[in-house]
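Engineer: Pasting in a structure now, in structure tokens, and then I'll have a few things to ask.
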Amino acid sequence: MEETHIIYAAHTGDYNYRYVGKTSRTLKYRVSVHRSNARKRRTKMPVHAWLRKHHLRVQWDVLEACTPETLDSRECFWIATLREQGHDLLNCTEGGEGMGGWQHSEAFKAARRGAGNPMYGRKRDDFRANRAEGRIGMHVRWHVNRGLDNPSCVYCPKS
Ligand SMILES: [Zn+2]
């Protein structure tokens, strides 16, 4: 049995994550839906344009296995945490909403572009592969893939 209720994220091999999502089903199933939507150009989601640009060849990692109760809040946690750490996410929301809730108000988008965005005014070069790859890559490889939580890891769920 594959795990369900997953927080997942995609990157092109450098652990600079570009998209975080959640699914109540398996990662394999959710990825197949993303790929199909990207191929059919059925959505306007930036992540699907990004997938097409990379010919659907990106790496999908499980960031955390959740329960139905924690799925939404952990999605918010991951989007906020990765953004804060310099990952240039294509997500259109802050997470936590139901399926299909990826659009939000123009006011919110404007706020995110401007002063409300913690990344505002900071150069993208301040962050970048090294830092991101080092820590999140370690978390995925050593904690998620082996099912071990490390209390000193910022990415591991704190229970
Ligand atoms: Zn960890």
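Just remember, in the structure tokens the first chain shown is A, the second B, etc., residues are 1-based per chain, and ligands are 1-based in the order shown.
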List every residue of chain A that has an atom at most 7 Å from any atom of ligand 1, and for each one report the closest atom pair and its distance in Å to one decimal, counting only C-alpha atoms and all ligand atoms, with rows sorted by chain and then by increasing residue number, as JSON lines.
Structural biologist:
{"residue": "A:His139", "atom": "CA", "partner": "ligand 1", "partner_atom_place_in_ligand_line": "1 (Zn)", "distance": 4.0}
{"residue": "A:Val140", "atom": "CA", "partner": "ligand 1", "partner_atom_place_in_ligand_line": "1 (Zn)", "distance": 6.8}
{"residue": "A:His143", "atom": "CA", "partner": "ligand 1", "partner_atom_place_in_ligand_line": "1 (Zn)", "distance": 4.9}
{"residue": "A:Val144", "atom": "CA", "partner": "ligand 1", "partner_atom_place_in_ligand_line": "1 (Zn)", "distance": 6.8}
{"residue": "A:Asp149", "atom": "CA", "partner": "ligand 1", "partner_atom_place_in_ligand_line": "1 (Zn)", "distance": 5.8}
{"residue": "A:Asn150", "atom": "CA", "partner": "ligand 1", "partner_atom_place_in_ligand_line": "1 (Zn)", "distance": 5.5}
{"residue": "A:Cys153", "atom": "CA", "partner": "ligand 1", "partner_atom_place_in_ligand_line": "1 (Zn)", "distance": 4.6}
{"residue": "A:Val154", "atom": "CA", "partner": "ligand 1", "partner_atom_place_in_ligand_line": "1 (Zn)", "distance": 6.4}
{"residue": "A:Tyr155", "atom": "CA", "partner": "ligand 1", "partner_atom_place_in_ligand_line": "1 (Zn)", "distance": 4.7}
{"residue": "A:Cys156", "atom": "CA", "partner": "ligand 1", "partner_atom_place_in_ligand_line": "1 (Zn)", "distance": 3.8}
Engineer: Would you mind exporting C-alpha atoms of the selected residues as a PDB file, in the first residue's frame?
Structural biologist:
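And here's out-v8.pdb as it stands now:
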ATOM      1  CA  HIS A 139      15.467  16.218   5.196  1.00  0.00           C
ATOM      2  CA  VAL A 140      13.926  14.398   2.246  1.00  0.00           C
ATOM      3  CA  HIS A 143      14.083  11.838   7.428  1.00  0.00           C
ATOM      4  CA  VAL A 144      11.211  11.364   4.972  1.00  0.00           C
ATOM      5  CA  ASP A 149      11.833  12.507  12.512  1.00  0.00           C
ATOM      6  CA  ASN A 150      14.715  14.553  13.801  1.00  0.00           C
ATOM      7  CA  CYS A 153      15.361  19.541  11.755  1.00  0.00           C
ATOM      8  CA  VAL A 154      13.302  22.603  10.814  1.00  0.00           C
ATOM      9  CA  TYR A 155      11.400  20.589   8.217  1.00  0.00           C
ATOM     10  CA  CYS A 156      10.395  17.649  10.392  1.00  0.00           C
TER      11      CYS A 156
END
Engineer: Counting only C-alpha atoms, what are the residues of segment 25-80 of chain A within 9 Å of segment 93-96 of chain A, and for each of them which pair of atoms is the nearest and at what distance in Å, to one decimal? Sort the table by chain and rising number, as a Markdown table.
Structural biologist:
| residue | atom | partner | partner_atom | distance |
| --- | --- | --- | --- | --- |
| A:Leu71 | CA | A:Gly96 | CA | 7.8 |
| A:Asp72 | CA | A:Gly96 | CA | 4.1 |
| A:Ser73 | CA | A:Gly96 | CA | 5.8 |
| A:Arg74 | CA | A:Gly96 | CA | 7.9 |
| A:Glu75 | CA | A:Gly95 | CA | 5.5 |
| A:Cys76 | CA | A:Gly95 | CA | 4.6 |
| A:Phe77 | CA | A:Gly95 | CA | 8.3 |
| A:Trp78 | CA | A:Gly95 | CA | 8.6 |
| A:Ile79 | CA | A:Glu94 | CA | 6.2 |
| A:Ala80 | CA | A:Glu94 | CA | 7.0 |
Engineer: Restricting it to C-alpha atoms, dump the selection as a CSV table (one decimal), in the first residue's frame.
Structural biologist:
chain,number,residue,atom,x,y,z
A,71,LEU,CA,-3.1,17.9,5.5
A,72,ASP,CA,-4.3,21.5,5.1
A,73,SER,CA,-2.3,23.0,7.9
A,74,ARG,CA,0.8,21.2,6.9
A,75,GLU,CA,0.4,22.4,3.3
A,76,CYS,CA,0.3,26.0,4.6
A,77,PHE,CA,3.4,25.2,6.8
A,78,TRP,CA,5.4,23.9,3.8
A,79,ILE,CA,4.5,26.7,1.5
A,80,ALA,CA,5.4,29.3,4.1
Engineer: For each of A:Leu51, A:Arg41, A:Glu3, A:Gly134, take the minimum atom-to-atom distance to Gly147 of chain A, counting only C-alpha atoms, then give the residue where this is smallest.
Structural biologist: A:Glu3
Engineer: For Gly21 of chain A, list every protein, DNA or RNA residue within 7 Å, evaluated using only C-alpha atoms, and leave out those in the same chain fewer than 6 positions away; present the list as a list in words.
Structural biologist: Ile7, Tyr8, Ala9 and Glu75 of chain A
Engineer: Give me the residues within 9 Å of Leu27 of chain A as a short mmCIF file (atom, residue, chain, number, x, y, z; two decimals) with C-alpha atoms, in the first residue's frame, counting only C-alpha atoms and dropping any in the same chain fewer than 6 places off.
Structural biologist:
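That gives us selection_38.cif:
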data_model
loop_
_atom_site.label_atom_id
_atom_site.label_comp_id
_atom_site.auth_asym_id
_atom_site.auth_seq_id
_atom_site.Cartn_x
_atom_site.Cartn_y
_atom_site.Cartn_z
CA GLU A 2 1.32 3.38 -0.95
CA GLU A 3 0.90 6.20 1.48
CA THR A 4 -1.96 8.64 1.07
CA HIS A 5 -2.46 12.17 2.47
CA ILE A 6 0.85 13.45 1.24
CA ILE A 7 2.50 16.85 1.06
CA TYR A 8 4.71 16.77 -2.00
CA TRP A 60 8.57 14.86 -7.15
CA ASP A 61 9.42 14.37 -3.48
CA VAL A 62 7.25 13.47 -0.55
#
Engineer: My list of candidates is A:Arg83, A:Tyr15, A:Ala65, A:Ser24. Which is closest to Met138 of chain A when distances are computed with only C-alpha atoms?
Structural biologist: A:Tyr15
Engineer: What is the distance between atom CA of Val31 of chain A and atom CA of Leu56 of chain A, in Å to one decimal?
Structural biologist: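 Going from atom CA of Val31 of chain A over to atom CA of Leu56 of chain A covers 9.9 Å.
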Engineer: Give me the residues near Val47 of chain A as a list of chain:residue names, where near means some atom within 8 Å (using only C-alpha atoms) and where sequence neighbours in that chain fewer than 4 positions away do not count.
Structural biologist: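 Listing them by chain and then by number gives A:Arg18, A:Tyr19, A:Leu51, A:Leu90, A:Asn91.
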Engineer: DSSP on the backbone: what in segment 52-88 of chain A comes out helix (DSSP H, G or I), as a PyMOL selection string?
Structural biologist: chain A and resi 52-53+71-84
